[in-house]
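One structure is given here, and the rest of the page talks about it.
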Amino acid sequence: MKGLYCKPGDQGDVKFNVPTNIGDHQVKVQVKSCALSPVDFKLYEDLKLEKEHVPVGREIAGVVLQVGPKVTFFQPDDEVVGILPLEAERSGLCSVVVTDEYNLVQKPEKVSWFEAAAVIKDGLRAYTALHTLARMAAGQTVLVLDGAGPFGVLAIQLAHYHGVKVLATALSPEDQKFLEELRPSVGVQESLLARVIRVWDSKEDLVDSCLEETGGLGVDIIIDSGVRLYDEEPEAQRHCPHKHDLLTLLSVGGHWVTTEQHLQLDPPDSHILFLKAASLSFLNDEVWTTSRAKQGRYLHILKDVMDKLCTGTFRPQLEDPVPLYEATVSMEMVQRKQTRKRIAVKL
């Protein structure tokens, strides 16, 4: 059974492996689809999970082949979806994987293999950012940076579903067109977004646009996709806002959810947060699988993500699936940020 692994410093390497016998609470799954997302080698290092080869492809959907003697959630032939833990030994691109039953939930029959694997982790990130960290409520205003990304789209749809006013940034004219055409459901004319901010256009200012849209009060929730810490940053971060801009447009009592793990706040920055009684949270959705303290809530979120995908609340916009033989090339492009998430489907 072939799986895709990557060695720190390399972009991809193919390795073969053989499954072992399953444990009491484990499930053997025949993988039908697998999402290819960037690998965070630094996180593996921080958690002391360094390996010679890191399995690639942890968001999977498939069919249960066999269950351990103490498994209670599933039975053979069940269709499931889930996220393999960081310590998983096998790549999700293997034909068969073995994992604990607590890493999986039922896949609704109406949801395709492709969509299930594509949405499960970004849906979890959206829930973590908006519900767990920001505690969003109807009537608030949220700013989603890079709204056209896989995570951004689901965050927009989840916020709109709960009655939140949504602003989003577009990194290119193509992203702008896509965001302006987003609708709650097919046939509905109402836009999901109150405003699309063209950060690719130097004539449009992020702070001015947000303050204008909120009557000068600022936004209640910010979800970023990267932050410029200094004035001189690499070309790849040219569309990322400066941290001072985000502090400026945050409302009184507002909440900033950041994906920038190296964010540094100087004393004047902290003073601004103090004056606004605002708060800052770091978005690390991997905490759900690295700690089992809130396992029940984690599984509840995964189930709700699938329910919203089934009912059409979540409608992901993704590139065409890639066949298994193109997974290595696709993963290299994803890791280098030359393309967004790709989904490998077993034909």
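Ordering of the structure tokens sets the chain letters (A, B, ...), residue numbers begin anew at 1 in every chain, and ligands are numbered from 1 in the order given.
Contact shell of Asp220 in chain A at 7 Å (only C-alpha atoms; same-chain neighbours under 4 positions omitted): Gln140, Thr141, Val142, Leu250, Ser251, Gly254 and His255 of chain A.
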Same residues, N, CA and C atoms, saved as a PDB file, in the first residue's frame:
ATOM      1  N   GLN A 140     -23.069  40.965  15.173  1.00  0.00           N
ATOM      2  CA  GLN A 140     -21.689  41.424  15.161  1.00  0.00           C
ATOM      3  C   GLN A 140     -21.187  41.573  13.728  1.00  0.00           C
ATOM      4  N   THR A 141     -19.991  42.164  13.606  1.00  0.00           N
ATOM      5  CA  THR A 141     -19.340  42.309  12.299  1.00  0.00           C
ATOM      6  C   THR A 141     -18.011  41.580  12.341  1.00  0.00           C
ATOM      7  N   VAL A 142     -17.754  40.757  11.324  1.00  0.00           N
ATOM      8  CA  VAL A 142     -16.497  40.006  11.269  1.00  0.00           C
ATOM      9  C   VAL A 142     -15.762  40.352   9.978  1.00  0.00           C
ATOM     10  N   LEU A 250      -9.998  47.237  14.983  1.00  0.00           N
ATOM     11  CA  LEU A 250     -10.692  46.390  15.957  1.00  0.00           C
ATOM     12  C   LEU A 250     -11.594  47.251  16.840  1.00  0.00           C
ATOM     13  N   SER A 251     -12.810  46.815  17.077  1.00  0.00           N
ATOM     14  CA  SER A 251     -13.776  47.595  17.854  1.00  0.00           C
ATOM     15  C   SER A 251     -13.531  47.457  19.353  1.00  0.00           C
ATOM     16  N   GLY A 254     -13.603  44.023  20.984  1.00  0.00           N
ATOM     17  CA  GLY A 254     -13.422  43.140  19.837  1.00  0.00           C
ATOM     18  C   GLY A 254     -12.462  41.993  20.105  1.00  0.00           C
ATOM     19  N   HIS A 255     -12.409  41.064  19.147  1.00  0.00           N
ATOM     20  CA  HIS A 255     -11.572  39.881  19.305  1.00  0.00           C
ATOM     21  C   HIS A 255     -10.824  39.609  18.005  1.00  0.00           C
TER      22      HIS A 255
END
Inset, instruction - Please run DSSP on the backbone and report, as a PyMOL selection string, all residues within range 111-181 of chain A that come out as strand (DSSP E or B). - result: chain A and resi 141-144+165-170
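Backbone DSSP assigns alpha helix (DSSP H) in range 256-304 of chain A to Pro267, Pro268, Asp269, Ser270, His271, Ile272, Leu273, Phe274, Leu275, Lys276, Val287, Trp288, Thr289, Thr290, Gln295, Gly296, Arg297, Tyr298, Leu299, His300, Ile301, Leu302, Lys303 and Asp304 of chain A.
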Take the residues that were just selected and, keeping N, CA and C atoms, output them as a compact mmCIF listing (two decimals), in the first residue's frame.
# COMPACT_ATOMS: atom_id res chain seq x y z
N PRO A 267 4.76 46.85 23.76
CA PRO A 267 3.94 47.49 24.81
C PRO A 267 2.89 48.47 24.27
N PRO A 268 3.21 49.31 23.26
CA PRO A 268 2.15 50.19 22.73
C PRO A 268 1.00 49.42 22.10
N ASP A 269 1.30 48.25 21.48
CA ASP A 269 0.25 47.42 20.89
C ASP A 269 -0.66 46.86 21.98
N SER A 270 -0.05 46.36 23.04
CA SER A 270 -0.83 45.83 24.16
C SER A 270 -1.67 46.92 24.81
N HIS A 271 -1.15 48.13 24.82
CA HIS A 271 -1.88 49.25 25.42
C HIS A 271 -3.14 49.56 24.62
N ILE A 272 -3.04 49.44 23.28
CA ILE A 272 -4.22 49.65 22.44
C ILE A 272 -5.28 48.61 22.77
N LEU A 273 -4.88 47.34 22.90
CA LEU A 273 -5.83 46.29 23.26
C LEU A 273 -6.46 46.58 24.62
N PHE A 274 -5.65 47.07 25.55
CA PHE A 274 -6.16 47.41 26.88
C PHE A 274 -7.20 48.52 26.82
N LEU A 275 -6.89 49.58 26.07
CA LEU A 275 -7.81 50.71 25.97
C LEU A 275 -9.15 50.31 25.36
N LYS A 276 -9.09 49.34 24.43
CA LYS A 276 -10.32 48.88 23.76
C LYS A 276 -10.97 47.71 24.50
N VAL A 287 -4.79 21.60 18.19
CA VAL A 287 -4.91 21.36 19.63
C VAL A 287 -6.02 20.35 19.93
N TRP A 288 -7.00 20.23 19.04
CA TRP A 288 -8.09 19.28 19.27
C TRP A 288 -7.60 17.85 19.29
N THR A 289 -6.60 17.53 18.46
CA THR A 289 -6.09 16.15 18.40
C THR A 289 -4.87 15.93 19.27
N THR A 290 -4.16 17.01 19.63
CA THR A 290 -3.00 16.84 20.50
C THR A 290 -3.40 16.74 21.97
N GLN A 295 -12.64 16.04 23.94
CA GLN A 295 -12.90 15.11 22.85
C GLN A 295 -14.35 15.13 22.39
N GLY A 296 -15.28 15.20 23.35
CA GLY A 296 -16.70 15.21 22.99
C GLY A 296 -17.06 16.42 22.15
N ARG A 297 -16.56 17.59 22.52
CA ARG A 297 -16.83 18.80 21.76
C ARG A 297 -16.22 18.72 20.37
N TYR A 298 -15.03 18.15 20.28
CA TYR A 298 -14.35 17.98 19.00
C TYR A 298 -15.19 17.14 18.04
N LEU A 299 -15.67 16.01 18.50
CA LEU A 299 -16.48 15.14 17.65
C LEU A 299 -17.81 15.82 17.30
N HIS A 300 -18.37 16.58 18.23
CA HIS A 300 -19.60 17.31 17.95
C HIS A 300 -19.38 18.32 16.82
N ILE A 301 -18.24 18.99 16.84
CA ILE A 301 -17.93 19.96 15.77
C ILE A 301 -17.80 19.25 14.43
N LEU A 302 -17.06 18.14 14.40
CA LEU A 302 -16.90 17.41 13.15
C LEU A 302 -18.24 16.96 12.58
N LYS A 303 -19.13 16.48 13.46
CA LYS A 303 -20.45 16.05 13.01
C LYS A 303 -21.25 17.23 12.46
N ASP A 304 -21.16 18.37 13.14
CA ASP A 304 -21.91 19.55 12.69
C ASP A 304 -21.37 20.07 11.37
Find the residues around Ser191 in chain A up to 12 Å (only C-alpha atoms counted), leave out those fewer than 6 positions away in its own chain, and share them as a short mmCIF file (atom, residue, chain, number, x, y, z; two decimals) with C-alpha atoms, in the first residue's frame.
data_model
loop_
_atom_site.label_atom_id
_atom_site.label_comp_id
_atom_site.auth_asym_id
_atom_site.auth_seq_id
_atom_site.Cartn_x
_atom_site.Cartn_y
_atom_site.Cartn_z
CA ILE A 156 -17.80 33.46 5.71
CA GLN A 157 -20.61 30.92 5.27
CA HIS A 160 -23.49 34.49 7.75
CA LYS A 165 -22.30 40.84 9.09
CA VAL A 166 -19.29 39.73 7.04
CA LEU A 167 -16.52 41.74 5.38
CA PHE A 178 -15.65 34.96 -6.78
CA LEU A 179 -16.50 36.60 -3.44
CA GLU A 180 -18.99 39.02 -4.96
CA GLU A 181 -20.85 36.07 -6.46
CA LEU A 182 -21.10 34.10 -3.20
CA ARG A 183 -24.71 33.41 -2.24
CA PRO A 184 -26.28 31.67 0.79
CA SER A 185 -27.84 29.07 -1.49
#
Legend entry - Lys346 in chain A surroundings by only C-alpha atoms, 7 Å radius, close-in-sequence under 4 positions cut, as an NGL selection string: :A and (32-33 or 323-324)
Take the residues from that selection and write them out as an mmCIF file, in the first residue's frame, keeping N, CA and C atoms.
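Output (again23.cif):
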data_model
loop_
_atom_site.group_PDB
_atom_site.id
_atom_site.type_symbol
_atom_site.label_atom_id
_atom_site.label_comp_id
_atom_site.auth_asym_id
_atom_site.auth_seq_id
_atom_site.Cartn_x
_atom_site.Cartn_y
_atom_site.Cartn_z
ATOM 1 N N LYS A 32 -11.017 6.640 0.457
ATOM 2 C CA LYS A 32 -11.572 6.994 -0.848
ATOM 3 C C LYS A 32 -11.067 8.353 -1.340
ATOM 4 N N SER A 33 -10.794 9.262 -0.407
ATOM 5 C CA SER A 33 -10.276 10.576 -0.784
ATOM 6 C C SER A 33 -9.438 11.122 0.360
ATOM 7 N N PRO A 323 -5.803 12.785 -9.415
ATOM 8 C CA PRO A 323 -5.642 11.331 -9.260
ATOM 9 C C PRO A 323 -4.442 11.030 -8.370
ATOM 10 N N LEU A 324 -4.399 9.839 -7.838
ATOM 11 C CA LEU A 324 -3.373 9.458 -6.874
ATOM 12 C C LEU A 324 -1.970 9.610 -7.451
#
